[in-house]
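Q: For reference, the file target-v4.txt (compact mmCIF, C-alpha atoms and all ligand atoms) is included below:
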```
# COMPACT_ATOMS: atom_id res chain seq x y z
CA MET A 397 8.61 5.07 17.21
CA GLN A 398 6.24 7.49 15.51
CA THR A 399 8.05 10.27 13.64
CA LEU A 400 6.23 13.59 13.91
CA ARG A 401 6.08 15.72 10.72
CA LEU A 402 6.24 19.46 11.48
CA LYS A 403 5.71 21.94 8.64
CA VAL A 404 7.47 25.29 8.75
CA ASP A 405 7.39 28.07 6.18
CA ALA A 406 10.96 29.36 5.85
CA THR A 407 9.65 32.58 4.28
CA ASP A 408 7.12 33.21 7.05
CA LEU A 409 8.53 32.19 10.42
CA ASP A 410 6.04 34.42 12.24
CA SER A 411 2.99 32.49 11.06
CA GLU A 412 1.16 30.49 13.71
CA THR A 413 2.04 27.14 12.05
CA SER A 414 5.72 27.99 11.76
CA ARG A 415 5.95 29.22 15.34
CA GLN A 416 4.24 26.12 16.69
CA ALA A 417 6.44 23.81 14.62
CA ILE A 418 9.66 25.49 15.81
CA ALA A 419 8.45 25.53 19.42
CA ARG A 420 7.56 21.81 19.31
CA ALA A 421 10.85 20.85 17.66
CA ALA A 422 12.84 22.87 20.22
CA GLN A 423 10.90 21.27 23.05
CA ILE A 424 11.74 17.78 21.74
CA LEU A 425 15.42 18.73 21.50
CA ARG A 426 15.50 20.16 25.04
CA GLY A 427 13.79 17.00 26.27
CA GLY A 428 16.58 14.80 24.91
CA GLY A 429 14.90 13.76 21.63
CA THR A 430 16.04 13.78 17.99
CA VAL A 431 14.79 16.20 15.31
CA ALA A 432 15.76 16.44 11.63
CA PHE A 433 15.81 20.01 10.33
CA PRO A 434 16.79 21.93 7.19
CA THR A 435 19.99 23.95 6.97
CA GLU A 436 21.38 25.93 4.03
CA THR A 437 23.51 22.90 3.05
CA VAL A 438 21.61 19.64 3.70
CA TYR A 439 19.14 18.40 6.33
CA GLY A 440 20.73 17.62 9.70
CA LEU A 441 19.66 15.16 12.41
CA GLY A 442 19.95 17.06 15.69
CA ALA A 443 20.15 16.38 19.40
CA ASN A 444 21.21 18.47 22.39
CA ALA A 445 25.03 18.51 22.12
CA LEU A 446 25.41 18.78 25.92
CA ASP A 447 23.41 15.59 26.56
CA ALA A 448 25.35 12.38 25.85
CA GLU A 449 22.25 10.21 26.04
CA ALA A 450 20.48 12.35 23.43
CA VAL A 451 23.54 12.35 21.16
CA GLN A 452 23.73 8.56 21.39
CA LYS A 453 20.28 8.41 19.74
CA ILE A 454 21.74 10.04 16.61
CA PHE A 455 24.31 7.26 16.25
CA VAL A 456 21.61 4.61 16.71
CA ALA A 457 19.13 6.16 14.24
CA LYS A 458 21.79 6.65 11.54
CA GLU A 459 23.58 3.36 12.27
CA ARG A 460 26.63 5.58 12.42
CA PRO A 461 29.82 4.08 13.88
CA SER A 462 30.91 5.73 17.13
CA TRP A 463 34.31 6.69 15.66
CA ASP A 464 32.72 9.28 13.35
CA PRO A 465 32.45 12.68 15.12
CA LEU A 466 29.53 15.14 14.85
CA ILE A 467 29.33 18.84 14.03
CA VAL A 468 28.03 21.11 16.81
CA HIS A 469 25.70 23.88 15.59
CA ILE A 470 25.46 27.19 17.43
CA SER A 471 23.22 30.24 17.06
CA GLU A 472 25.55 32.97 18.24
CA ARG A 473 29.13 33.74 19.08
CA THR A 474 28.57 33.63 22.86
CA MET A 475 27.69 29.94 22.52
CA LEU A 476 31.19 29.34 21.17
CA GLU A 477 32.57 29.67 24.70
CA ARG A 478 30.33 26.83 25.84
CA VAL A 479 31.43 24.39 23.17
CA ALA A 480 35.10 25.25 22.56
CA ALA A 481 38.13 25.74 24.80
CA GLU A 482 40.89 28.36 24.55
CA VAL A 483 43.18 28.59 21.53
CA THR A 484 46.49 30.38 20.94
CA ALA A 485 46.38 34.07 19.98
CA GLU A 486 47.40 33.35 16.38
CA THR A 487 44.76 30.63 15.94
CA ARG A 488 42.21 32.92 17.56
CA ARG A 489 43.07 35.63 15.02
CA VAL A 490 42.44 33.32 12.06
CA VAL A 491 39.31 31.77 13.60
CA ASP A 492 37.93 35.28 14.19
CA GLN A 493 38.64 36.26 10.60
CA LEU A 494 37.03 33.14 9.17
CA SER A 495 34.00 33.23 11.43
CA ARG A 496 33.46 36.94 10.80
CA ALA A 497 33.59 36.37 7.05
CA PHE A 498 31.58 33.14 6.79
CA TRP A 499 29.31 32.84 9.85
CA PRO A 500 26.44 32.41 9.85
CA GLY A 501 27.05 30.11 6.89
CA PRO A 502 28.37 26.83 5.48
CA LEU A 503 31.78 26.74 7.17
CA THR A 504 32.66 24.28 9.96
CA ILE A 505 35.71 25.10 12.09
CA LEU A 506 37.64 22.66 14.28
CA LEU A 507 38.40 23.99 17.78
CA PRO A 508 39.60 22.44 21.05
CA ARG A 509 36.66 20.66 22.68
CA GLY A 510 35.02 22.54 25.57
CA ALA A 511 34.55 20.76 28.89
CA GLU A 512 30.74 20.69 28.57
CA ILE A 513 30.80 18.70 25.31
CA PRO A 514 30.60 14.94 25.88
CA ALA A 515 33.44 12.93 24.33
CA LEU A 516 30.87 10.98 22.32
CA VAL A 517 30.22 14.07 20.17
CA THR A 518 33.83 14.22 18.95
CA ALA A 519 34.37 10.45 18.97
CA GLY A 520 36.94 11.03 21.70
CA LEU A 521 38.97 13.52 19.63
CA GLU A 522 40.48 16.61 21.22
CA LYS A 523 38.84 18.93 18.71
CA VAL A 524 35.18 19.67 18.15
CA ALA A 525 33.72 20.75 14.80
CA VAL A 526 31.59 23.91 15.15
CA ARG A 527 29.29 25.63 12.68
CA MET A 528 26.87 28.57 12.86
CA PRO A 529 24.20 27.89 10.20
CA ALA A 530 22.57 30.67 8.16
CA HIS A 531 19.23 29.06 7.28
CA PRO A 532 16.40 31.04 8.95
CA VAL A 533 14.69 27.85 10.17
CA THR A 534 17.91 26.47 11.69
CA ARG A 535 18.60 29.79 13.38
CA ALA A 536 15.08 30.01 14.79
CA LEU A 537 15.31 26.44 16.05
CA LEU A 538 18.70 26.97 17.72
CA LEU A 539 17.54 30.19 19.39
CA GLU A 540 14.36 28.55 20.68
CA ALA A 541 16.19 25.43 21.90
CA GLY A 542 18.82 27.55 23.66
CA VAL A 543 21.42 24.77 23.56
CA PRO A 544 24.09 23.83 21.00
CA ILE A 545 22.82 21.10 18.65
CA ALA A 546 24.97 18.21 17.48
CA ALA A 547 23.89 17.22 13.98
CA PRO A 548 25.28 15.09 11.18
CA SER A 549 23.49 14.92 7.84
CA ALA A 550 20.08 13.26 8.28
CA ASN A 551 20.71 10.13 6.23
CA ARG A 552 21.61 6.57 7.18
CA PHE A 553 25.35 6.14 7.43
CA GLY A 554 27.13 6.01 4.07
CA ARG A 555 24.05 6.98 2.09
CA ILE A 556 23.18 10.12 0.13
CA SER A 557 22.66 13.29 2.18
CA PRO A 558 19.07 14.62 2.21
CA THR A 559 18.08 17.95 0.67
CA THR A 560 14.32 17.61 1.31
CA ALA A 561 12.18 16.36 4.23
CA GLU A 562 11.01 13.52 1.94
CA HIS A 563 14.61 12.31 1.62
CA VAL A 564 14.96 12.34 5.41
CA ALA A 565 11.78 10.29 5.80
CA GLU A 566 13.04 7.70 3.26
CA ASP A 567 16.05 6.97 5.47
CA LEU A 568 14.93 7.76 9.02
CA ASN A 569 11.15 7.50 9.36
CA THR A 570 10.19 5.73 12.64
CA ARG A 571 13.80 6.06 13.83
CA ILE A 572 13.65 9.69 15.03
CA ASP A 573 11.22 11.85 17.00
CA ALA A 574 10.43 14.52 14.42
CA ILE A 575 11.16 15.98 11.01
CA LEU A 576 10.93 19.75 10.66
CA ASP A 577 9.94 20.24 7.02
CA GLY A 578 11.18 23.63 5.80
CA GLY A 579 11.39 22.78 2.09
CA GLU A 580 14.41 22.23 -0.10
CA THR A 581 17.84 23.25 1.21
CA THR A 582 19.74 26.09 -0.44
CA TYR A 583 23.13 24.77 -1.58
CA GLY A 584 22.67 21.01 -1.71
CA VAL A 585 26.17 20.00 -0.58
CA GLU A 586 27.64 20.08 2.91
CA SER A 587 29.70 22.70 4.71
CA THR A 588 33.44 22.99 4.28
CA VAL A 589 35.28 21.52 7.28
CA VAL A 590 38.48 23.38 8.12
CA ASP A 591 41.17 22.78 10.75
CA VAL A 592 42.97 26.02 11.64
CA GLN A 593 46.52 24.93 12.43
CA GLU A 594 49.45 27.10 13.49
CA GLN A 595 50.91 27.31 9.98
CA ALA A 596 48.04 26.62 7.62
CA CYS A 597 44.32 26.07 7.16
CA VAL A 598 43.70 22.42 6.34
CA ILE A 599 40.47 21.53 4.54
CA LEU A 600 39.23 18.19 5.90
CA ARG A 601 36.17 18.21 3.67
CA ALA A 602 35.60 20.38 0.59
CA GLY A 603 32.26 22.16 0.70
CA VAL A 604 30.29 25.26 -0.14
CA ILE A 605 32.99 27.68 1.02
CA THR A 606 35.78 27.31 -1.50
CA PHE A 607 39.54 26.88 -1.22
CA GLU A 608 39.97 30.32 -2.85
CA GLN A 609 37.60 32.01 -0.37
CA LEU A 610 39.45 30.52 2.62
CA GLY A 611 42.80 31.64 1.22
CA SER A 612 41.77 35.20 0.54
CA VAL A 613 40.14 35.71 3.95
CA SER A 614 42.77 33.97 6.13
CA GLN A 615 45.83 35.18 4.18
CA ARG A 616 47.39 31.82 4.96
CA ASP A 617 48.40 28.65 3.21
CA VAL A 618 45.35 26.51 2.56
CA ARG A 619 45.67 22.83 1.70
CA PHE A 620 43.47 19.82 1.32
CA HIS A 621 43.79 16.83 3.62
CA ASN A 622 43.25 13.52 1.88
CA GLN A 623 40.90 14.52 -0.89
CA PRO A 624 40.39 11.34 -2.91
CA ASP A 625 40.44 13.55 -5.96
CA ALA A 626 43.69 15.35 -5.17
CA ALA A 627 47.10 14.50 -6.54
CA GLU A 628 48.17 13.52 -3.03
CA ALA A 629 45.35 10.97 -2.71
CA GLY A 630 46.27 7.90 -0.72
CA LYS A 631 49.39 9.39 0.83
CA ALA A 632 47.85 10.97 3.93
CA ALA A 633 45.97 9.23 6.71
CA PRO A 634 42.21 9.65 6.34
CA ALA A 635 40.37 12.22 8.43
CA PRO A 636 37.84 10.61 10.77
CA GLY A 637 34.90 9.21 8.89
CA MET A 638 36.11 10.34 5.54
CA GLY A 639 38.13 7.48 4.16
CA GLU A 640 35.36 5.09 3.18
CA ARG A 641 32.43 4.91 0.82
CA HIS A 642 30.05 7.79 1.49
CA TYR A 643 27.24 9.77 -0.12
CA ALA A 644 26.53 6.65 -2.17
CA PRO A 645 23.54 5.60 -4.28
CA GLN A 646 22.49 1.94 -4.40
CA ALA A 647 23.38 1.77 -8.10
CA ARG A 648 26.94 1.41 -9.35
CA LEU A 649 28.29 4.91 -10.02
CA VAL A 650 30.46 5.40 -13.09
CA LEU A 651 32.25 8.75 -13.30
CA VAL A 652 33.21 10.34 -16.57
CA GLU A 653 35.94 12.92 -17.06
CA GLY A 654 35.55 15.02 -20.16
CA VAL A 655 36.15 18.33 -21.81
CA TRP A 656 33.44 20.79 -20.80
CA PRO A 657 31.28 21.50 -22.64
CA GLY A 658 30.96 19.32 -25.73
CA GLY A 659 33.44 16.53 -25.10
CA VAL A 660 31.82 15.39 -21.89
CA GLU A 661 28.59 14.38 -23.65
CA LEU A 662 30.50 12.05 -25.98
CA ALA A 663 32.44 10.50 -23.10
CA MET A 664 29.11 9.92 -21.34
CA MET A 665 27.63 8.24 -24.42
CA ASP A 666 30.62 5.88 -24.58
CA ALA A 667 30.07 4.92 -20.94
CA VAL A 668 26.32 4.45 -21.45
CA ASN A 669 26.88 2.16 -24.43
CA ARG A 670 29.51 0.11 -22.63
CA LEU A 671 27.34 -0.36 -19.53
CA GLU A 672 24.32 -1.36 -21.60
CA GLU A 673 26.44 -3.99 -23.31
CA GLU A 674 27.32 -5.29 -19.85
CA GLY A 675 23.59 -5.69 -19.18
CA GLU A 676 23.15 -2.78 -16.79
CA VAL A 677 19.97 -0.68 -16.59
CA VAL A 678 21.57 2.70 -17.12
CA GLY A 679 20.77 6.09 -15.67
CA ALA A 680 22.49 9.35 -16.52
CA MET A 681 23.04 12.60 -14.68
CA ALA A 682 22.57 14.68 -17.81
CA VAL A 683 24.34 17.96 -18.38
CA GLY A 684 24.28 20.50 -21.19
CA GLY A 685 23.85 18.83 -24.56
CA PHE A 686 23.70 15.24 -23.31
CA MET A 687 20.00 14.81 -24.10
CA GLY A 688 20.64 16.05 -27.62
CA ALA A 689 23.63 13.73 -28.06
CA LEU A 690 21.66 10.77 -26.72
CA THR A 691 18.69 11.40 -28.96
CA ALA A 692 20.80 12.05 -32.06
CA LEU A 693 23.10 9.05 -31.62
CA ARG A 694 20.31 6.67 -30.66
CA LYS A 695 18.27 7.89 -33.60
CA LYS A 696 21.13 7.00 -35.92
CA GLU A 697 21.48 3.51 -34.40
CA PHE A 698 17.72 3.11 -34.55
CA ASP A 699 17.63 4.01 -38.25
CA MET A 700 20.45 1.59 -38.98
CA ARG A 701 19.44 -1.40 -36.89
CA GLY A 702 15.73 -1.01 -36.31
CA PHE A 703 13.71 -2.11 -33.29
CA THR A 704 16.08 -4.72 -31.90
CA MET A 705 18.08 -1.98 -30.18
CA GLY A 706 17.02 -1.02 -26.65
CA TYR A 707 16.12 2.37 -28.04
CA ASN A 708 16.40 5.21 -25.53
CA ALA A 709 15.98 2.99 -22.50
CA VAL A 710 18.37 5.25 -20.60
CA HIS A 711 16.87 6.96 -17.54
CA VAL A 712 17.88 10.58 -17.76
CA TYR A 713 17.92 13.03 -14.84
CA PRO A 714 18.19 16.63 -16.09
CA TRP A 715 21.04 17.67 -13.82
CA GLY A 716 21.79 21.13 -15.18
CA SER A 717 24.22 23.23 -17.06
CA GLY A 718 27.93 22.56 -16.77
CA GLU A 719 28.51 26.31 -16.68
CA LYS A 720 26.46 26.60 -13.48
CA PRO A 721 28.14 24.43 -10.84
CA GLU A 722 25.89 25.92 -8.11
CA GLU A 723 22.91 24.40 -9.93
CA LEU A 724 24.73 21.05 -10.15
CA ALA A 725 25.48 21.16 -6.41
CA LYS A 726 21.87 21.88 -5.56
CA LYS A 727 20.50 18.96 -7.59
CA LEU A 728 23.32 16.42 -7.08
CA TYR A 729 21.81 14.34 -4.26
CA ALA A 730 18.21 14.64 -5.49
CA GLY A 731 19.35 13.33 -8.88
CA LEU A 732 21.19 10.32 -7.47
CA ARG A 733 18.17 9.46 -5.31
CA TRP A 734 15.81 9.90 -8.27
CA LEU A 735 17.82 7.50 -10.45
CA ASP A 736 17.99 4.95 -7.61
CA ALA A 737 14.20 5.15 -7.29
CA ALA A 738 13.86 4.64 -11.06
CA GLY A 739 15.51 1.25 -10.55
CA VAL A 740 18.71 1.75 -12.54
CA THR A 741 21.67 -0.51 -11.76
CA ALA A 742 24.36 1.89 -13.01
CA ILE A 743 24.59 5.67 -13.09
CA VAL A 744 26.80 7.56 -15.53
CA CYS A 745 27.81 10.91 -14.12
CA PRO A 746 30.23 13.54 -15.42
CA LEU A 747 32.73 15.15 -13.06
CA PRO A 748 32.48 18.96 -13.07
CA GLU A 749 35.61 21.03 -13.41
CA PRO A 750 37.63 21.23 -10.16
CA ALA A 751 37.00 24.92 -9.42
CA GLY A 752 34.85 26.65 -6.80
CA ILE A 753 32.00 24.43 -5.57
CA GLY A 754 32.92 21.96 -8.34
CA VAL A 755 35.67 20.70 -6.01
CA ALA A 756 33.06 19.64 -3.42
CA ILE A 757 30.88 17.98 -6.07
CA ARG A 758 33.87 16.00 -7.38
CA ASP A 759 34.80 15.02 -3.83
CA ARG A 760 31.32 13.64 -3.07
CA LEU A 761 31.09 11.80 -6.38
CA THR A 762 34.54 10.28 -5.98
CA ARG A 763 33.66 8.98 -2.50
CA ALA A 764 30.26 7.74 -3.70
CA ALA A 765 31.91 5.79 -6.53
CA GLN A 766 34.22 3.86 -4.19
CA ARG A 767 33.33 0.20 -3.89
CA SER A 768 32.30 -1.00 -0.42
CA PRO A 769 35.25 -2.25 1.65
O1 LIG B 801 26.69 20.99 6.08
C1 LIG B 801 26.97 20.23 7.01
O2 LIG B 801 28.09 20.22 7.53
C2 LIG B 801 25.87 19.29 7.52
C3 LIG B 801 24.77 20.15 8.18
C4 LIG B 801 23.71 19.31 8.84
O3 LIG B 801 25.37 21.03 9.09
N1 LIG B 801 26.41 18.35 8.46
C5 LIG B 801 27.19 17.31 8.07
O4 LIG B 801 27.58 16.46 9.11
O5 LIG B 801 27.52 17.12 6.92
P1 LIG B 801 28.22 15.02 8.87
O6 LIG B 801 28.32 14.41 10.19
O7 LIG B 801 27.40 14.28 7.86
O8 LIG B 801 29.63 15.31 8.31
C6 LIG B 801 30.57 15.96 9.14
C7 LIG B 801 31.95 15.56 8.79
C8 LIG B 801 32.17 14.09 9.05
O9 LIG B 801 32.76 13.47 7.94
C9 LIG B 801 33.08 14.07 10.27
O10 LIG B 801 33.97 12.99 10.22
C10 LIG B 801 33.79 15.41 10.20
O11 LIG B 801 32.86 16.30 9.61
N2 LIG B 801 34.11 15.84 11.56
C11 LIG B 801 33.25 16.16 12.53
N3 LIG B 801 33.90 16.43 13.69
C12 LIG B 801 35.20 16.28 13.42
C13 LIG B 801 36.39 16.36 14.21
N4 LIG B 801 36.33 16.68 15.50
N5 LIG B 801 37.57 16.13 13.61
C14 LIG B 801 37.62 15.80 12.30
N6 LIG B 801 36.55 15.67 11.51
C15 LIG B 801 35.35 15.89 12.06
MG MG B 802 27.06 13.02 6.35
```
Would you mind writing the structure in this file as structure tokens?
Ligand code: TXA
Ligand code: MG

A:
Amino acid sequence: MQTLRLKVDATDLDSETSRQAIARAAQILRGGGTVAFPTETVYGLGANALDAEAVQKIFVAKERPSWDPLIVHISERTMLERVAAEVTAETRRVVDQLSRAFWPGPLTILLPRGAEIPALVTAGLEKVAVRMPAHPVTRALLLEAGVPIAAPSANRFGRISPTTAEHVAEDLNTRIDAILDGGETTYGVESTVVDVQEQACVILRAGVITFEQLGSVSQRDVRFHNQPDAAEAGKAAPAPGMGERHYAPQARLVLVEGVWPGGVELAMMDAVNRLEEEGEVVGAMAVGGFMGALTALRKKEFDMRGFTMGYNAVHVYPWGSGEKPEELAKKLYAGLRWLDAAGVTAIVCPLPEPAGIGVAIRDRLTRAAQRSP
């Protein structure tokens, strides 16, 4: 299958090129095809959510198991009635509050599945995950297509989510009908998935919208379900599609906990040295003063032992500043992909502090570091 590349300028949707690209992508979606497109979180791989045959193509292209349900993307509130069924008055109240505060945006809400949504979309579950994206290109595409779009992240199953059209092509070229290239995504990690239950809001996947934000808007108890990082890890049953290795680079991922800033660089150096001794080609997701620490410490070894040391053979990806977790989120997946492409066999990566969007980054890294079953 030939994968069409469609360029769209997110800052100029009225240009002739942008309009044609959106129109073509929408036409493919309406015709039952698959299109990858940018959102504010990561790129999604979309198909008409009302067309089971079209949705099936997503599972085939991604090699995604049929037990892992998809998120349905909508352009406006009226579409909600098409995709979701009735809820109790109390649930409705909380859903209204959350959607008013965070839609359009990176929040996915679980609701009873509407009759028009094929069971394939939710992997047979009673509830459907719904999100109204904020990215101008996604909104334009949804409006033009006129149907709800089922879309998981546009990567092969278990791999790293894509934040550029190039990343999508690496995983899915020749497997899908088109890629709508609207540049780099905004946040770099996925939406928060929340289940609004009678008593509490349960976060099934940490994401851009934080625990604190959900609590202050809903005025309810908020808790995490089966975060591998949480104290309760291992006690609860996994949410669908969330228990296994995910978001993973090809290289072995070694996570480092440290005191930010300062202490983390030293913990990273320890890990780098240990892995090199084990014969690994090492890459590092560098934060703050890591480059300085690496250069200084290697310089000392170099002076002492001379050329026999594998001096500075570490592949370093400049990840960002530990004080700016938003920056770390944005570059997380690009960095892991970059180090994979550099041919490293092990990646040393520090875990950001578990606050705000740092919770989502830790969640992804912890899943990515799990060994294959
Ligand atoms: O930011 C995002 O959410 C991106 C963009 C494209 O919107 N989408 C995304 O989709 O990350 P995906 O399929 O890669 O991840 C969605 C997660 C999956 O782990 C899936 O198991 C969970 O949401 N999920 C979807 N529907 C669900 C349901 N009905 N019940 C429980 N979990 C569900
Ligand atoms: Mg995904």

Q: So, counting only C-alpha atoms and all ligand atoms, which residue among A:Gly520, A:Pro461, A:Pro750, A:Pro548 is closest to ligand LIG 801 (chain B)?

A: A:Pro548

Q: Contacts of A:Ala689 at 12 Å or less, counting only C-alpha atoms, minus same-chain residues fewer than 6 places along, as a short mmCIF file (atom, residue, chain, number, x, y, z; two decimals) with C-alpha atoms, in the frame of the given file?

A:
```cif
data_model
loop_
_atom_site.label_atom_id
_atom_site.label_comp_id
_atom_site.auth_asym_id
_atom_site.auth_seq_id
_atom_site.Cartn_x
_atom_site.Cartn_y
_atom_site.Cartn_z
CA GLY A 658 30.96 19.32 -25.73
CA GLY A 659 33.44 16.53 -25.10
CA VAL A 660 31.82 15.39 -21.89
CA GLU A 661 28.59 14.38 -23.65
CA LEU A 662 30.50 12.05 -25.98
CA ALA A 663 32.44 10.50 -23.10
CA MET A 664 29.11 9.92 -21.34
CA MET A 665 27.63 8.24 -24.42
CA ASP A 666 30.62 5.88 -24.58
CA VAL A 668 26.32 4.45 -21.45
CA ALA A 682 22.57 14.68 -17.81
CA VAL A 683 24.34 17.96 -18.38
CA LYS A 695 18.27 7.89 -33.60
CA LYS A 696 21.13 7.00 -35.92
CA ASN A 708 16.40 5.21 -25.53
#
```

Q: For the contact check between chain A and ligand LIG 801 (chain B), emit one row per residue of chain A within 7 Å, containing the shortest atom pair and the distance in Å rounded to one decimal, counting all atoms listed in the file, chain then rising number order, as a tab-separated table.

A:
```
residue	atom	partner	partner_atom	distance
A:Thr435	CA	B:LIG801	C3	6.2
A:Thr437	CA	B:LIG801	O1	4.8
A:Val438	CA	B:LIG801	C3	5.5
A:Tyr439	CA	B:LIG801	C4	5.3
A:Gly440	CA	B:LIG801	C4	3.5
A:Leu441	CA	B:LIG801	C4	6.8
A:Asp464	CA	B:LIG801	O10	5.0
A:Pro465	CA	B:LIG801	N3	4.3
A:Leu466	CA	B:LIG801	C11	4.5
A:Ile467	CA	B:LIG801	C11	5.0
A:Pro502	CA	B:LIG801	O1	6.1
A:Thr504	CA	B:LIG801	O2	6.6
A:Leu506	CA	B:LIG801	N4	6.2
A:Thr518	CA	B:LIG801	N4	4.9
A:Leu521	CA	B:LIG801	N4	5.8
A:Lys523	CA	B:LIG801	N4	4.7
A:Val524	CA	B:LIG801	N4	4.2
A:Ala525	CA	B:LIG801	N3	4.5
A:Ala547	CA	B:LIG801	C4	5.6
A:Pro548	CA	B:LIG801	O6	3.3
A:Ser549	CA	B:LIG801	O7	4.0
A:Val585	CA	B:LIG801	O1	6.8
A:Glu586	CA	B:LIG801	O1	3.4
A:Ser587	CA	B:LIG801	O1	3.7
A:Thr588	CA	B:LIG801	O2	6.8
A:Val589	CA	B:LIG801	O11	6.2
A:Leu600	CA	B:LIG801	N6	6.7
A:Ala635	CA	B:LIG801	C14	5.9
A:Pro636	CA	B:LIG801	O10	4.6
A:Gly637	CA	B:LIG801	O10	4.1
A:Met638	CA	B:LIG801	O9	5.2
```

Q: When you count all atoms listed in the file, which of these residues is closest to A:Ala550: A:Leu446, A:Val431, A:Ile513, A:Ala765?

A: A:Val431

Q: Fewer than 3 positions away in the same chain doesn't count, so skip those; otherwise give me all residues within 9 Å of A:Val740, counting all atoms listed in the file, as a PyMOL selection string.

A: chain A and resi 646-648+676-679+710-711+735-737+743

Q: Between atom CA of A:Arg478 and atom CA of A:Gly510, what is the distance, to one decimal in Å?

A: 6.4 Å

Q: Tell me, in Å to one decimal, how far atom CA of A:Thr407 is from atom CA of A:Gly752.

A: 28.2 Å

Q: Calculate how many Å separate atom CA of A:Ala751 from atom CA of A:Glu722, rounding to one decimal.

A: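 Those two atoms sit 11.2 Å apart.
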
Q: May I ask which of the residues A:Ala443, A:Ala530, A:Lys458, A:Ala725 is the closest one to A:Ala574, counting only C-alpha atoms?

A: A:Ala443

Q: May I have the residues within 8 Å of A:Leu576 as a compact mmCIF listing (two decimals) with C-alpha atoms, in the coordinates of the input, using all atoms listed in the file and disregarding those fewer than 3 positions away in the same chain?

A:
```txt
# COMPACT_ATOMS: atom_id res chain seq x y z
CA ARG A 401 6.08 15.72 10.72
CA LEU A 402 6.24 19.46 11.48
CA LYS A 403 5.71 21.94 8.64
CA VAL A 404 7.47 25.29 8.75
CA ALA A 417 6.44 23.81 14.62
CA ILE A 418 9.66 25.49 15.81
CA ALA A 421 10.85 20.85 17.66
CA VAL A 431 14.79 16.20 15.31
CA ALA A 432 15.76 16.44 11.63
CA PHE A 433 15.81 20.01 10.33
CA PRO A 434 16.79 21.93 7.19
CA ALA A 561 12.18 16.36 4.23
```

Q: Between A:Arg760, A:Arg527, A:Arg733, A:Lys720, which is the closest to ligand MG 802 (chain B) once you count all atoms listed in the file?

A: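 The closest residue to ligand MG 802 (chain B) is A:Arg760.
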
Q: Report as JSON the centre and the edge lengths, in Å to one decimal, of the axis-aligned box holding every listed atom of stretch 509-513 of chain A, padded by 6 Å on each side.

A:
```
{"center_x": 33.7, "center_y": 20.6, "center_z": 25.8, "size_x": 17.9, "size_y": 15.8, "size_z": 18.2}
```

Q: Fewer than 6 positions away in the same chain doesn't count, so skip those; otherwise give me all residues within 9 Å of A:Ser495, counting only C-alpha atoms, as a PyMOL selection string.

A: chain A and resi 501+503+505+528

Q: Smallest atom-to-atom distance to ligand MG 802 (chain B): which of A:Ala511, A:Ala450, A:Val598, A:Ile556, using only C-alpha atoms and all ligand atoms?

A: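 Smallest separation from ligand MG 802 (chain B) among the options: A:Ile556.
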
Q: At a cut-off of 9 Å, using only C-alpha atoms, what residues contact A:Trp715? Leave out same-chain residues fewer than 4 positions from it and give the result as a list in words.

A: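 These residues fall inside the cut-off: Ala680, Met681, Ala682, Val683, Gly684, Glu723, Leu724, Lys727, Leu728 and Gly731 of chain A.
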
Q: Store the residues picked out above, limited to C-alpha atoms, as a tab-separated table (two decimals), in the frame of the given file.

A:
```tsv
chain	number	residue	atom	x	y	z
A	680	ALA	CA	22.49	9.35	-16.52
A	681	MET	CA	23.04	12.60	-14.68
A	682	ALA	CA	22.57	14.68	-17.81
A	683	VAL	CA	24.34	17.96	-18.38
A	684	GLY	CA	24.28	20.50	-21.19
A	723	GLU	CA	22.91	24.40	-9.93
A	724	LEU	CA	24.73	21.05	-10.15
A	727	LYS	CA	20.50	18.96	-7.59
A	728	LEU	CA	23.32	16.42	-7.08
A	731	GLY	CA	19.35	13.33	-8.88
```

Q: Out of A:Thr559, A:Gln609, A:Thr399, A:Thr413, which residue has the shortest atom-to-atom distance to ligand MG 802 (chain B) when counting only C-alpha atoms and all ligand atoms?

A: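 Nearest to ligand MG 802 (chain B): A:Thr559.
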
Q: Enumerate, as a PDB file with C-alpha atoms, in the frame of the given file, the protein, DNA and RNA residues whose atoms approach (29.2, 15.1, -12.5) to within 8 Å, taking into account only C-alpha atoms and the coordinate frame of the file.

A:
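This is the output file selection_4.pdb:
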```pdb
ATOM      1  CA  LEU A 651      32.250   8.750 -13.300  1.00  0.00           C
ATOM      2  CA  VAL A 652      33.210  10.340 -16.570  1.00  0.00           C
ATOM      3  CA  MET A 681      23.040  12.600 -14.680  1.00  0.00           C
ATOM      4  CA  LEU A 724      24.730  21.050 -10.150  1.00  0.00           C
ATOM      5  CA  CYS A 745      27.810  10.910 -14.120  1.00  0.00           C
ATOM      6  CA  PRO A 746      30.230  13.540 -15.420  1.00  0.00           C
ATOM      7  CA  LEU A 747      32.730  15.150 -13.060  1.00  0.00           C
ATOM      8  CA  PRO A 748      32.480  18.960 -13.070  1.00  0.00           C
ATOM      9  CA  ILE A 757      30.880  17.980  -6.070  1.00  0.00           C
ATOM     10  CA  ARG A 758      33.870  16.000  -7.380  1.00  0.00           C
ATOM     11  CA  LEU A 761      31.090  11.800  -6.380  1.00  0.00           C
TER      12      LEU A 761
END
```
